[in-house]
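Chemist: Structure provided below as structure tokens; questions to follow.
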Amino acid sequence: MSGMTNQNHERRPYKPRMSPDKTYEEINSYVVFWGLFFSVIFALAVGYLCLKIGQTVDAFAPVSVLAMGMAVLFHRKNAFPETVHIQAIASAGTNIIGGAMFILPALYILHIEDVSFLEMVIPIVLGGVLGVFLATVFRRYFCEEMDGVYPFPSGSAAAEVLESDEGSKAHLMLLSGAVAMVYDFVLNSLGWWQELLSTTTFQWGQALADKYKLVFSLDNDAALLGIGYFTGLRYAAIIAAGSFFSWLVCVPIAYYLGGDHMMVVDGTSMLLAEAPVDAVFSQYVRHVGIGMLAMSGIIGLLSMSGVVARVVRRAVSDLFTKSSKKAAGLLRTQQDLPMVQIVFGSLLMTVLFAVFFHIMCSESLTQTMIAFVVVMLFALLLSVVGISSIAFTGNEPVSGMTIFMIIVSAVVMGSAGMHGKAGIVAILMMAAFLCATLAVSGNFMSELKVAYLTGATPKKMQQWQLVSIVLAGVVSVGVVFLLNHAYGFTGDGALAAPQANAMAAIVGPMMDGGDAPWPLYMAGAFFAVILWMMKIPPLAFALGAYLPMGINTPVLVGGLISYFVSHSSKDEKVNAKRLSEGNTVASGFVAGGAIGSLISAVLHIAGIDWFAKAWAASPAATFAGLIAYFVLCIFIYAMAKKAARADA
């Protein structure tokens, strides 16, 4: 992976705003109160949104803007360090959402009502804390040693937002953020133009889909465009290639070879030849992507074996070195939690989960030991995949990785004698623990990248992330518990909980004697090996193959814009300046888009519906969406060039 450096992400000089040689008041009662307050608020709001429509909103953008506004309102003299840590503590509210929202509703969907609130909380909190420890283990490698190789689009956007609190950069950030906020608000709340631009909206496109099973789609969300700009053209193209492989190659092949195969769509049996393209992708082709992701994790872990070996050697060395002596040789910005605490903390979390599993789910010590080994291996393997995914694209396929773990665990635990309701509960508890670990480890690594870019102390960020994760874990489970009583997850008027429904659809049949699509997983795994042999990053390609096309194509568009900006002049210094200004605009898109989506979520919660459904589904709305998206692309390109000329 280290050999695949994006030309837009050369290693930059390390000059953070907070000097590593100085000491700052980073944590105080003001920071802790507002950080934990926003952590709870976003766990509540985003948790509901996730269960209702299957989408989440990162906390960093709106919290950063709110914290900067409060700093002005309260005349804070130490505003920058405080704002960095407020948004980091608050991020726990959305970091741990996946573990609770993707897994726990499956218990209710499968009509398992006798799992208590405490029994739901324990695996989520233990897994979340383990995720913080695992992110800390790999922080130095991903954030420092590989700076410039991994673009960290979300972390870079967060750092840009935080550092735009003054000067011309602040004005540019506010302008682009306001544009994106209004754009995404109109998109999600009013429906004046169509969000998912698809060829099937038109008669010719529908005919193309019906006859040749070819569909092209693009989500014209402003935040996704900003993420694509940060990703850069190299990895954006690989991600998009994976998506095109799934939708434009594998889907038509599935129809051609398996047209007479019967499948179930929304409870109705039909021929595969008559099934919608989306259903064929989700039930067949997506499993090829899951196989790629799993093998990419193995390849990534093997390629990082030297890093893992260094971490182990450092841990062993720290066991016999006083922490005060070791810390004396490090800059403030290089200080992490002591490796001894990380190692023993990680083991403790896993052992405590094993004890919990033995008491709640297991019928024998053998089953407990098998579960212990499974979660240990998957936590290490898939956390590397998740962190790498965040580092590449800003997205993490938590649900896909957890699905793979559920399938393997169901086979292994079934062989150990677990079946039926008891087996379902056991697998879902293992999945909740692992999903929380993966969600936190990947997303928290973005925060640690923010610490690196801004000059914050990673150790302090890690300490308070642990505190916030425990609180947010309890709150997120409370959201699941309360919404089940208020709306339910089955029947009329129930919350959709799409990821949890997918988990339930897999684990239920498998624990009752069903089987998994192993040939598809194996095909994906072998294809990942082939990609690695061709020196193409298999993880980036696998992400594209697994995720819907609509999410991947705007990343490619953003990557193309960053390429054009960085090649808009014959003067390399001017190009670098323009690319940097474009980063500021892209950060505003990410922040403003997140805030606009959050406002839309609040309106959903309040039951306010201004969305023009009939218009949004029409071809005219698609044309309007194309025009609006083109204007948005021109805006980021023009502002990048204009800002550079203004400074010339």
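If you're wondering about the labels, chains in the structure tokens are A, B, ... by order shown, residues count from 1 in each chain, ligands from 1 in order shown.
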Which residues come within 9 Å of Met18 in chain A, counting only C-alpha atoms, excluding same-chain residues fewer than 2 positions away, as a list in words?
Modeler: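 That gives Lys15, Pro16, Pro20, Asp21, Lys22, Thr23, Tyr24, Phe80, Pro81, Thr454, Gly455 and Ala456 of chain A.
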Chemist: So that I have them on file, write out the residues from the current selection with C-alpha atoms, as a compact mmCIF listing (two decimals), in the first residue's frame.
Modeler:
```
# COMPACT_ATOMS: atom_id res chain seq x y z
CA LYS A 15 3.79 22.55 11.03
CA PRO A 16 0.61 22.18 13.08
CA PRO A 20 4.68 20.40 19.53
CA ASP A 21 7.23 22.32 21.62
CA LYS A 22 4.62 24.25 23.59
CA THR A 23 2.06 23.24 26.21
CA TYR A 24 -1.61 24.17 25.89
CA PHE A 80 -8.65 26.51 19.26
CA PRO A 81 -7.36 23.74 21.59
CA THR A 454 -3.67 20.40 14.44
CA GLY A 455 -0.97 19.61 17.02
CA ALA A 456 -3.31 18.29 19.74
```
Chemist: Name the residues in contact with Tyr256 in chain A at a cut-off of 10 Å, using only C-alpha atoms, excluding same-chain residues fewer than 5 positions from it; report them as a ChimeraX atom specification.
Modeler: /A:212-213,250-251,272-273
Chemist: Quick check for you: according to DSSP on this backbone, which residues of range 422-604 of chain A are classed as helix (DSSP H, G or I)? Reply as a ChimeraX atom specification.
Modeler: /A:422-454,458-486,498-511,518-533,538-546,549-566,572-604
Chemist: Quick one: residues within 10 Å of Leu483 in chain A, only C-alpha atoms, excluding same-chain residues fewer than 3 positions away - as a list of chain:residue names?
Modeler: A:Gly47, A:Tyr48, A:Leu51, A:Pro105, A:Val477, A:Gly478, A:Val479, A:Val480, A:Ala486, A:Tyr487, A:Gly488, A:Phe489, A:Ala494, A:Leu495
Chemist: Show me a table, sorted first by chain and then by increasing residue number, of the residues of range 199-231 of chain A having an atom at most 10 Å from range 390-413 of chain A, each with its shortest atom pair and the distance in Å to one decimal, counting only C-alpha atoms and written as a Markdown table.
Modeler:
```
| residue | atom | partner | partner_atom | distance |
| --- | --- | --- | --- | --- |
| A:Leu224 | CA | A:Gly394 | CA | 9.7 |
| A:Ile227 | CA | A:Gly394 | CA | 7.0 |
| A:Gly228 | CA | A:Thr393 | CA | 7.7 |
| A:Phe230 | CA | A:Thr393 | CA | 8.4 |
| A:Thr231 | CA | A:Thr393 | CA | 5.8 |
```
Chemist: Store the residues picked out above, limited to C-alpha atoms, as a PDB file, in the first residue's frame.
Modeler:
```
ATOM      1  CA  LEU A 224     -19.744  13.309  -0.901  1.00  0.00           C
ATOM      2  CA  ILE A 227     -14.960  13.771   0.347  1.00  0.00           C
ATOM      3  CA  GLY A 228     -14.037  12.877  -3.242  1.00  0.00           C
ATOM      4  CA  PHE A 230      -9.893  14.982  -0.519  1.00  0.00           C
ATOM      5  CA  THR A 231      -9.587  11.395  -1.733  1.00  0.00           C
TER       6      THR A 231
END
```
Chemist: Return the single residue from A:Ser154, A:Asn188, A:Asn28, A:Ser246 that is closest to Tyr546 in chain A, with distances computed using only C-alpha atoms.
Modeler: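 So, comparing all the options, the nearest one is A:Ser246.
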Chemist: With distances taken over only C-alpha atoms, which residue among A:Ala614, A:Ile239, A:Leu162, A:Leu337 lies nearest Gly588 in chain A?
Modeler: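 Using only C-alpha atoms, the shortest distance to Gly588 in chain A belongs to A:Leu162.
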Chemist: Show me a table, sorted first by chain and then by increasing residue number, of the residues of range 440-559 of chain A having an atom at most 8 Å from range 379-385 of chain A, each with its shortest atom pair and the distance in Å to one decimal, counting only C-alpha atoms and written as CSV.
Modeler:
```
residue,atom,partner,partner_atom,distance
A:Ser441,CA,A:Ser383,CA,6.4
A:Gly442,CA,A:Ser383,CA,6.9
A:Leu539,CA,A:Val385,CA,7.6
```
Chemist: Range 278-294 of chain A: which residues within 6 Å, counting only C-alpha atoms, same-chain residues fewer than 2 positions away excluded, as a PyMOL selection string?
Modeler: chain A and resi 276+296-297+520-521+524-525+528+542+545-546
Chemist: Which residue gives the smallest distance to Pro123 in chain A among A:Ser269, A:Thr199, A:Ser388, A:Thr437, with only C-alpha atoms counted?
Modeler: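 When distances to Pro123 in chain A are compared using only C-alpha atoms, the smallest one comes from A:Thr437.
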Chemist: Which of these residues is nearest to Ser156 in chain A, using only C-alpha atoms: A:Val373, A:Cys143, A:Leu190, A:Met349?
Modeler: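 Going through A:Val373, A:Cys143, A:Leu190, A:Met349 one by one, the smallest distance to Ser156 in chain A is for A:Cys143.
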Chemist: Restricting the calculation to only C-alpha atoms: of A:Ala640, A:Ile530, A:Val470, A:Val149, which residue gets closest to Ser568 in chain A?
Modeler: A:Ala640
Chemist: Find the spatial neighbours of Pro619 in chain A, counting only C-alpha atoms, within a cut-off of 10 Å - ignore same-chain residues fewer than 3 positions away - and output them as a PDB file with N, CA and C atoms, in the first residue's frame.
Modeler:
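Listing of result28.pdb after writing:
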```pdb
ATOM      1  N   TRP A 193     -34.622  19.013  -6.477  1.00  0.00           N
ATOM      2  CA  TRP A 193     -33.938  18.224  -7.497  1.00  0.00           C
ATOM      3  C   TRP A 193     -33.635  16.852  -6.924  1.00  0.00           C
ATOM      4  N   GLN A 194     -33.456  15.901  -7.792  1.00  0.00           N
ATOM      5  CA  GLN A 194     -33.325  14.514  -7.373  1.00  0.00           C
ATOM      6  C   GLN A 194     -31.937  14.253  -6.802  1.00  0.00           C
ATOM      7  N   LEU A 197     -29.172  10.532  -8.935  1.00  0.00           N
ATOM      8  CA  LEU A 197     -29.328  10.692 -10.384  1.00  0.00           C
ATOM      9  C   LEU A 197     -29.085   9.344 -11.035  1.00  0.00           C
ATOM     10  N   SER A 198     -30.135   8.774 -11.622  1.00  0.00           N
ATOM     11  CA  SER A 198     -30.048   7.426 -12.180  1.00  0.00           C
ATOM     12  C   SER A 198     -30.577   7.402 -13.600  1.00  0.00           C
ATOM     13  N   THR A 199     -29.956   6.568 -14.416  1.00  0.00           N
ATOM     14  CA  THR A 199     -30.411   6.429 -15.802  1.00  0.00           C
ATOM     15  C   THR A 199     -31.807   5.821 -15.875  1.00  0.00           C
ATOM     16  N   THR A 200     -32.227   5.097 -14.825  1.00  0.00           N
ATOM     17  CA  THR A 200     -33.555   4.467 -14.850  1.00  0.00           C
ATOM     18  C   THR A 200     -34.687   5.479 -14.744  1.00  0.00           C
ATOM     19  N   THR A 201     -34.369   6.729 -14.433  1.00  0.00           N
ATOM     20  CA  THR A 201     -35.402   7.769 -14.376  1.00  0.00           C
ATOM     21  C   THR A 201     -35.995   8.018 -15.757  1.00  0.00           C
ATOM     22  N   PHE A 202     -35.189   7.798 -16.786  1.00  0.00           N
ATOM     23  CA  PHE A 202     -35.613   8.069 -18.166  1.00  0.00           C
ATOM     24  C   PHE A 202     -36.065   6.778 -18.856  1.00  0.00           C
ATOM     25  N   GLN A 203     -36.897   6.909 -19.859  1.00  0.00           N
ATOM     26  CA  GLN A 203     -37.405   5.742 -20.570  1.00  0.00           C
ATOM     27  C   GLN A 203     -36.275   4.961 -21.231  1.00  0.00           C
ATOM     28  N   TRP A 615     -42.559  15.336  -7.733  1.00  0.00           N
ATOM     29  CA  TRP A 615     -41.615  16.062  -8.567  1.00  0.00           C
ATOM     30  C   TRP A 615     -40.227  15.415  -8.528  1.00  0.00           C
ATOM     31  N   ALA A 616     -39.786  15.027  -7.321  1.00  0.00           N
ATOM     32  CA  ALA A 616     -38.432  14.475  -7.162  1.00  0.00           C
ATOM     33  C   ALA A 616     -38.238  13.178  -7.935  1.00  0.00           C
ATOM     34  N   THR A 622     -34.473  15.111 -12.322  1.00  0.00           N
ATOM     35  CA  THR A 622     -33.137  14.603 -12.620  1.00  0.00           C
ATOM     36  C   THR A 622     -32.333  15.628 -13.408  1.00  0.00           C
ATOM     37  N   PHE A 623     -32.973  16.263 -14.405  1.00  0.00           N
ATOM     38  CA  PHE A 623     -32.284  17.326 -15.149  1.00  0.00           C
ATOM     39  C   PHE A 623     -31.906  18.474 -14.213  1.00  0.00           C
ATOM     40  N   ALA A 624     -32.827  18.821 -13.304  1.00  0.00           N
ATOM     41  CA  ALA A 624     -32.526  19.880 -12.333  1.00  0.00           C
ATOM     42  C   ALA A 624     -31.353  19.478 -11.444  1.00  0.00           C
ATOM     43  N   GLY A 625     -31.313  18.202 -11.061  1.00  0.00           N
ATOM     44  CA  GLY A 625     -30.211  17.707 -10.244  1.00  0.00           C
ATOM     45  C   GLY A 625     -28.883  17.769 -10.975  1.00  0.00           C
TER      46      GLY A 625
END
```
Chemist: Could you please determine the separation between CA of Ala254 in chain A and CA of Met503 in chain A in Å, to one decimal place?
Modeler: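 So the answer is 23.3 Å.
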Chemist: Would you kindly return, as a PDB file with C-alpha atoms, in the first residue's frame, each protein, DNA or RNA residue with an atom no farther than 9 Å from any atom of Glu581 in chain A, considering only C-alpha atoms and excluding same-chain residues fewer than 2 positions away?
Modeler:
```pdb
ATOM      1  CA  LYS A 169      -9.761  30.920   4.996  1.00  0.00           C
ATOM      2  CA  LEU A 172     -14.000  30.858   2.223  1.00  0.00           C
ATOM      3  CA  ALA A 576      -0.252  23.592  -4.807  1.00  0.00           C
ATOM      4  CA  LYS A 577      -1.873  26.803  -3.575  1.00  0.00           C
ATOM      5  CA  ARG A 578      -4.983  26.193  -5.635  1.00  0.00           C
ATOM      6  CA  LEU A 579      -5.213  22.606  -4.431  1.00  0.00           C
ATOM      7  CA  ASN A 583      -9.296  21.667   0.220  1.00  0.00           C
ATOM      8  CA  THR A 584     -10.830  24.526   2.190  1.00  0.00           C
ATOM      9  CA  VAL A 585     -13.841  24.652  -0.121  1.00  0.00           C
ATOM     10  CA  ALA A 586     -14.185  20.857   0.018  1.00  0.00           C
ATOM     11  CA  MET A 639     -13.259  29.225  -5.972  1.00  0.00           C
ATOM     12  CA  ALA A 640      -9.984  27.288  -5.788  1.00  0.00           C
ATOM     13  CA  LYS A 641      -8.563  29.219  -8.745  1.00  0.00           C
ATOM     14  CA  ALA A 643      -8.614  32.393  -4.171  1.00  0.00           C
ATOM     15  CA  ALA A 644      -5.155  31.611  -5.515  1.00  0.00           C
TER      16      ALA A 644
END
```
Chemist: With only C-alpha atoms as the counted atoms, please give the residues lying no more than 9 Å from range 131-140 of chain A, apart from itself and same-chain residues fewer than 3 positions off, as an MDAnalysis selection string.
Modeler: chainID A and resid 126:128 143:146 307:308 311 334 336:337 339 341:343 345:346 379:380 383:384 387 434 436:445 448:449 458:459 462 465:466 469
Chemist: Please write the residues from the selection above to a file, keeping C-alpha atoms, as a PDB file, in the first residue's frame.
Modeler:
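Below is the file that was written, again26.pdb:
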```
ATOM      1  CA  LEU A 126     -16.634  -3.292  25.784  1.00  0.00           C
ATOM      2  CA  GLY A 127     -16.275  -3.328  21.996  1.00  0.00           C
ATOM      3  CA  GLY A 128     -16.151   0.473  21.802  1.00  0.00           C
ATOM      4  CA  CYS A 143      -1.097   9.178  11.192  1.00  0.00           C
ATOM      5  CA  GLU A 144       2.650   9.868  11.328  1.00  0.00           C
ATOM      6  CA  GLU A 145       4.722   7.349   9.390  1.00  0.00           C
ATOM      7  CA  MET A 146       2.292   7.179   6.445  1.00  0.00           C
ATOM      8  CA  VAL A 307       4.205  -2.824  11.631  1.00  0.00           C
ATOM      9  CA  VAL A 308       2.434  -5.327  13.888  1.00  0.00           C
ATOM     10  CA  VAL A 311       4.028  -2.698  17.848  1.00  0.00           C
ATOM     11  CA  GLN A 334       3.733  11.942  19.927  1.00  0.00           C
ATOM     12  CA  ASP A 336      -0.075   8.027  23.455  1.00  0.00           C
ATOM     13  CA  LEU A 337      -1.558   6.004  26.259  1.00  0.00           C
ATOM     14  CA  MET A 339       1.491   0.573  25.595  1.00  0.00           C
ATOM     15  CA  GLN A 341      -2.239  -0.008  29.407  1.00  0.00           C
ATOM     16  CA  ILE A 342      -3.255  -0.562  25.789  1.00  0.00           C
ATOM     17  CA  VAL A 343      -2.201  -4.226  25.732  1.00  0.00           C
ATOM     18  CA  GLY A 345      -6.777  -2.978  28.390  1.00  0.00           C
ATOM     19  CA  SER A 346      -7.381  -4.767  25.080  1.00  0.00           C
ATOM     20  CA  ALA A 379     -11.144  -7.566  15.847  1.00  0.00           C
ATOM     21  CA  LEU A 380      -7.483  -7.459  14.830  1.00  0.00           C
ATOM     22  CA  SER A 383      -9.919  -3.244  12.403  1.00  0.00           C
ATOM     23  CA  VAL A 384      -6.964  -2.979   9.998  1.00  0.00           C
ATOM     24  CA  ILE A 387      -8.910   1.875   9.564  1.00  0.00           C
ATOM     25  CA  LEU A 434     -17.113  -6.626  16.981  1.00  0.00           C
ATOM     26  CA  ALA A 436     -18.666  -1.514  17.978  1.00  0.00           C
ATOM     27  CA  THR A 437     -14.928  -2.255  17.864  1.00  0.00           C
ATOM     28  CA  LEU A 438     -14.720  -1.706  14.115  1.00  0.00           C
ATOM     29  CA  ALA A 439     -16.893   1.420  14.074  1.00  0.00           C
ATOM     30  CA  VAL A 440     -14.906   3.087  16.848  1.00  0.00           C
ATOM     31  CA  SER A 441     -11.408   2.044  15.735  1.00  0.00           C
ATOM     32  CA  GLY A 442     -11.892   3.351  12.193  1.00  0.00           C
ATOM     33  CA  ASN A 443     -13.677   6.581  13.025  1.00  0.00           C
ATOM     34  CA  PHE A 444     -11.474   7.398  16.007  1.00  0.00           C
ATOM     35  CA  MET A 445      -8.408   7.067  13.794  1.00  0.00           C
ATOM     36  CA  LEU A 448      -6.271  10.982  15.839  1.00  0.00           C
ATOM     37  CA  LYS A 449      -5.345  12.282  12.385  1.00  0.00           C
ATOM     38  CA  PRO A 458      -3.208  12.289  21.170  1.00  0.00           C
ATOM     39  CA  LYS A 459      -2.951  10.883  24.697  1.00  0.00           C
ATOM     40  CA  GLN A 462      -7.549   8.941  23.778  1.00  0.00           C
ATOM     41  CA  GLN A 465     -12.590   9.237  24.058  1.00  0.00           C
ATOM     42  CA  LEU A 466     -12.693   6.274  26.472  1.00  0.00           C
ATOM     43  CA  ILE A 469     -17.461   6.034  24.450  1.00  0.00           C
TER      44      ILE A 469
END
```
Chemist: Could you check which of A:Ile299, A:Val425, A:Val467, A:Val590 is closest to Phe33 in chain A, using only C-alpha atoms?
Modeler: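 Result for the nearest residue to Phe33 in chain A: A:Val467.
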Chemist: Any idea what the distance is between CA of Ile253 in chain A and CA of Ala207 in chain A?
Modeler: 17.6 Å
Chemist: Would you compute the distance between CA of Asn95 in chain A and CA of Tyr183 in chain A? Give it in Å to one decimal.
Modeler: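 Between CA of Asn95 in chain A and CA of Tyr183 in chain A the gap is 25.5 Å.
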